[in-house]
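Trainee: My questions all concern the structure below.
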Amino acid sequence: MADEVVMRDIDVLVIGGGLAGTFAAIKAREAGASHVVQVDKASVGRSGCSAFGAGVIRTFFPHEDDRDKAVYESVLRSHFLCDQERLAQHLDDVYDRIREMDSFGVEFEKTPDGKFDRILARGIYRRVMFRGGYRMMEAMRKAAIEKGVKIVDRVMVTDLLTDGGGAAGAIGFSTESGQVYEFYARSVVLATGRGFMKGRRPGHRNVTGDGMAAAYRAGVTLAGLDSAVPNTGPAHYDIGPGNNMYLGAGGLLVNSDGRRFAETFDPALKERTELGILSVACAIEARRGRTPLYLDMTGVEPEKVQRMKRVIPLPLMMYERAGVVVGDRFVKRIEWVIEGPSCNGGLLVNSRYETTLPGLFTCGDTMPAVGPEGQTALPGAMTSGARAGKYAAGYASEVPPPKISREQVAEFRERMFAPLKRRDGIEPDQVLLSVQEALMPYDVLVLRHEERLKAALQEVEGIWHGQVPLLQAYDPHYLRMAHEAGNIALVARMMLESALYRRESRESLREDYPYLDHTEWVKLVTVKRDGDRMELGAAPVPLERYKLRPPVEKVLHPLWRAAEKQGIIRVENGSVKWA
Amino acid sequence: MGVRKIDVSMCTGCAICVDYCPMDVLKMDGERQKAFIKYLRDCQSCFLCERVCPENAITCIPVYERRIPLPW
């Protein structure tokens, strides 16, 4: 193996090449950090979810939209788990970030008089449209390079370096040469996204929770991993994403009887309802035996299909290849399922995007979201990334260069290359499929019960102890796959432990705890490493500081209540019984 | 299954597809100066390579390469 590459004197190291990381790197430079490095295991701008963004960005326009309503919707639909300070920052910033992206050369759909063209898709606020996620990110990558960000592609970070209780940089390897990369940094922004587990979502399969896993190993507190709000997508084609465009254009979701079902749970928005409601609605149809489900786009007007071809060119190409789109029409309905497995949540942060490790900042999907109308997905990546980069630069200007421990580097190098040294080990794919099989069933991911969560956890623990230590790699590419599989298994453990810890229904539904309990559970479930043990806990949402607070009561969860009203379930002895 | 074929007669060896691939599936054959599919199984079916190839030398299909469990 060739000698290592050591990059010293970094002010801000950004890990992750999506929209959040790229904004962080740009803003760190603008805030005066002279040495900003952005690293990605694939390449900056073509990595993560952003390059495959579904063509729309939910953007609050301060001069057109109702701010109180946006705050109310976000807080209510996050069931009060939303960080209302971060939400306020988001609403302050998001329009400016869009205009900035416009100035970087991101191509937005505009009206003839040059204004942003907005459409209604999921939720109550209109969204701006951009032409192709990969083209948007190409413009962002170019902007970062022009601002003087040093980009390092094809290096997978495996661990965070620490120095006396603070962040000191990171260590990783080149997926091409296998060379070790050591980054010594005054501050670090982790922007590696959430825990997609190489599941049913093309374009998202390199988002494997690597940053969450590295943070866990470094003793950083994570939060909100109990929340899984999966998207939906095709059952038999490997195509996605694009649901906002499909459902916004009038796509209908129907069950095996040909009946629309989303309206049972959201009579106003129907299919355009929030993901949390849509995935539950799909899961309940499955529980009632009304599958297969279908997305029916055959009634969508040709001009809307033409717009999809501009805004989400990749999925539309795929549907054409599959014979689903012919000319400017969808000619057949598509069998539709819940996608996943995935988990939300990330590193516990404050309103300065600081984690529990001094000098380690986070943003985008690597932190718990701030409610559906607020700081999530692409809009969240923009506003939180920009702020995290700026605050990280400020931090870096005040601290001395880190002291790197050679023992720590040696230990991490050993762990990094262990899969390459094994003989007769386990293929990453075996671990991957086993974890997916444990987590993917709708009655584990969406409709939960202690017994099923425990069975899934037992399965994943077995994989963690029995298979992950034996993962084998043949070359640097396989080494990446081996680390990804290990990280996926670790994130799956954290997710299931967190899900078991929350004994109520909130963002996810529990059959055995069907109540939404504002007296006890307006808290984020936290998880942290304590030696070999996983320490679970809860971080109360600081409602005393916020304007909007829930009534102090324990009520049947609104979605269970809707199901009860329809005669789908009844509640007996505090537990859900299916009709 | 994603990427199925790189037509070597059309490939000019510009390596754009290799640079773009987020999953490290494509590599360059240094001797012949052609791109090739090295790790087919890890393809995430994103169609990016087909889209960015200036010579239209790449063909993808939207079929799962790995078995991924269904939710029901």
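Residue names in the structure tokens use chain letters A, B, ... in the order shown, residue numbers from 1 in each chain, and ligand numbers from 1 in the order shown.
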Tell me, which residues of chain B carry DSSP strand (DSSP E or B), written as a ChimeraX atom specification?
Mentor: /B:2-6,26-29,34-37,58-61
Trainee: Just write the chosen residues, C-alpha atoms, as a PDB file, in the first residue's frame.
Mentor:
ATOM      1  CA  GLY B   2     -29.040  -0.400 -14.003  1.00  0.00           C
ATOM      2  CA  VAL B   3     -26.076  -0.168 -16.304  1.00  0.00           C
ATOM      3  CA  ARG B   4     -26.030  -3.044 -18.787  1.00  0.00           C
ATOM      4  CA  LYS B   5     -23.686  -2.143 -21.562  1.00  0.00           C
ATOM      5  CA  ILE B   6     -20.988   0.256 -22.628  1.00  0.00           C
ATOM      6  CA  LEU B  26     -17.365   1.961 -13.677  1.00  0.00           C
ATOM      7  CA  LYS B  27     -13.596   2.016 -14.232  1.00  0.00           C
ATOM      8  CA  MET B  28     -11.227   3.000 -17.021  1.00  0.00           C
ATOM      9  CA  ASP B  29      -9.234   0.466 -18.958  1.00  0.00           C
ATOM     10  CA  LYS B  34     -12.279   2.697 -22.680  1.00  0.00           C
ATOM     11  CA  ALA B  35     -14.703   2.730 -19.754  1.00  0.00           C
ATOM     12  CA  PHE B  36     -15.917  -0.628 -18.507  1.00  0.00           C
ATOM     13  CA  ILE B  37     -18.378  -2.049 -15.966  1.00  0.00           C
ATOM     14  CA  ILE B  58     -24.196   3.537 -22.381  1.00  0.00           C
ATOM     15  CA  THR B  59     -27.456   1.636 -21.909  1.00  0.00           C
ATOM     16  CA  CYS B  60     -29.217   1.194 -18.561  1.00  0.00           C
ATOM     17  CA  ILE B  61     -32.373  -0.682 -17.602  1.00  0.00           C
TER      18      ILE B  61
END
Trainee: Enumerate, in order of chain and increasing residue number, the residues of chain A with an atom no farther than 9 Å from chain B, each with its shortest atom pair and distance in Å to one decimal, counting only C-alpha atoms, as a tab-separated table.
Mentor:
residue	atom	partner	partner_atom	distance
A:Lys41	CA	B:Pro22	CA	8.2
A:Ala42	CA	B:Pro22	CA	4.9
A:Ser43	CA	B:Pro22	CA	6.7
A:Gly45	CA	B:Tyr20	CA	8.9
A:Arg46	CA	B:Pro22	CA	6.1
A:Ser47	CA	B:Pro22	CA	5.5
A:Gly48	CA	B:Pro22	CA	8.0
A:Phe52	CA	B:Cys46	CA	7.8
A:Tyr134	CA	B:Leu48	CA	8.0
A:Arg154	CA	B:Asp24	CA	8.5
A:Thr175	CA	B:Asp24	CA	8.1
A:Glu176	CA	B:Asp24	CA	8.7
A:Lys198	CA	B:Gln44	CA	8.4
A:Gly199	CA	B:Ile68	CA	6.4
A:Arg200	CA	B:Ile68	CA	6.7
A:Arg201	CA	B:Gln44	CA	8.4
A:Pro202	CA	B:Gln44	CA	5.4
A:Gly203	CA	B:Cys46	CA	5.2
A:His204	CA	B:Gln44	CA	7.8
A:Arg205	CA	B:Gln44	CA	6.2
A:Asn206	CA	B:Met23	CA	6.6
A:Ala235	CA	B:Leu70	CA	7.4
A:His236	CA	B:Val63	CA	7.4
A:Tyr237	CA	B:Val63	CA	5.4
A:Asp238	CA	B:Pro62	CA	4.8
A:Ile239	CA	B:Pro62	CA	6.1
A:Gly240	CA	B:Cys46	CA	8.2
A:Ala283	CA	B:Trp72	CA	8.6
A:Ala286	CA	B:Trp72	CA	6.8
A:Arg287	CA	B:Trp72	CA	8.7
A:Thr291	CA	B:Trp72	CA	8.5
A:Pro313	CA	B:Arg51	CA	8.9
A:Leu314	CA	B:Phe47	CA	6.3
A:Pro315	CA	B:Cys46	CA	8.2
A:Met317	CA	B:Phe47	CA	8.3
A:Met318	CA	B:Pro62	CA	5.9
A:Tyr319	CA	B:Pro62	CA	8.0
A:Arg321	CA	B:Ile61	CA	6.7
A:Ala322	CA	B:Pro62	CA	6.9
A:Val337	CA	B:Pro71	CA	7.0
A:Ile338	CA	B:Pro71	CA	6.3
A:Glu339	CA	B:Pro71	CA	7.6
A:Gly340	CA	B:Pro71	CA	8.1
A:Pro341	CA	B:Pro71	CA	8.9
A:Asp429	CA	B:Arg66	CA	8.7
A:Leu433	CA	B:Ile68	CA	7.0
A:Gln436	CA	B:Pro69	CA	6.7
A:Glu437	CA	B:Pro69	CA	6.0
A:Leu439	CA	B:Pro71	CA	8.9
A:Met440	CA	B:Pro71	CA	5.3
A:Pro441	CA	B:Pro71	CA	4.3
A:Tyr442	CA	B:Pro71	CA	5.0
A:Asp443	CA	B:Pro71	CA	8.2
A:Leu445	CA	B:Pro71	CA	8.5
A:His477	CA	B:Asp24	CA	7.1
A:Met481	CA	B:Asp42	CA	8.6
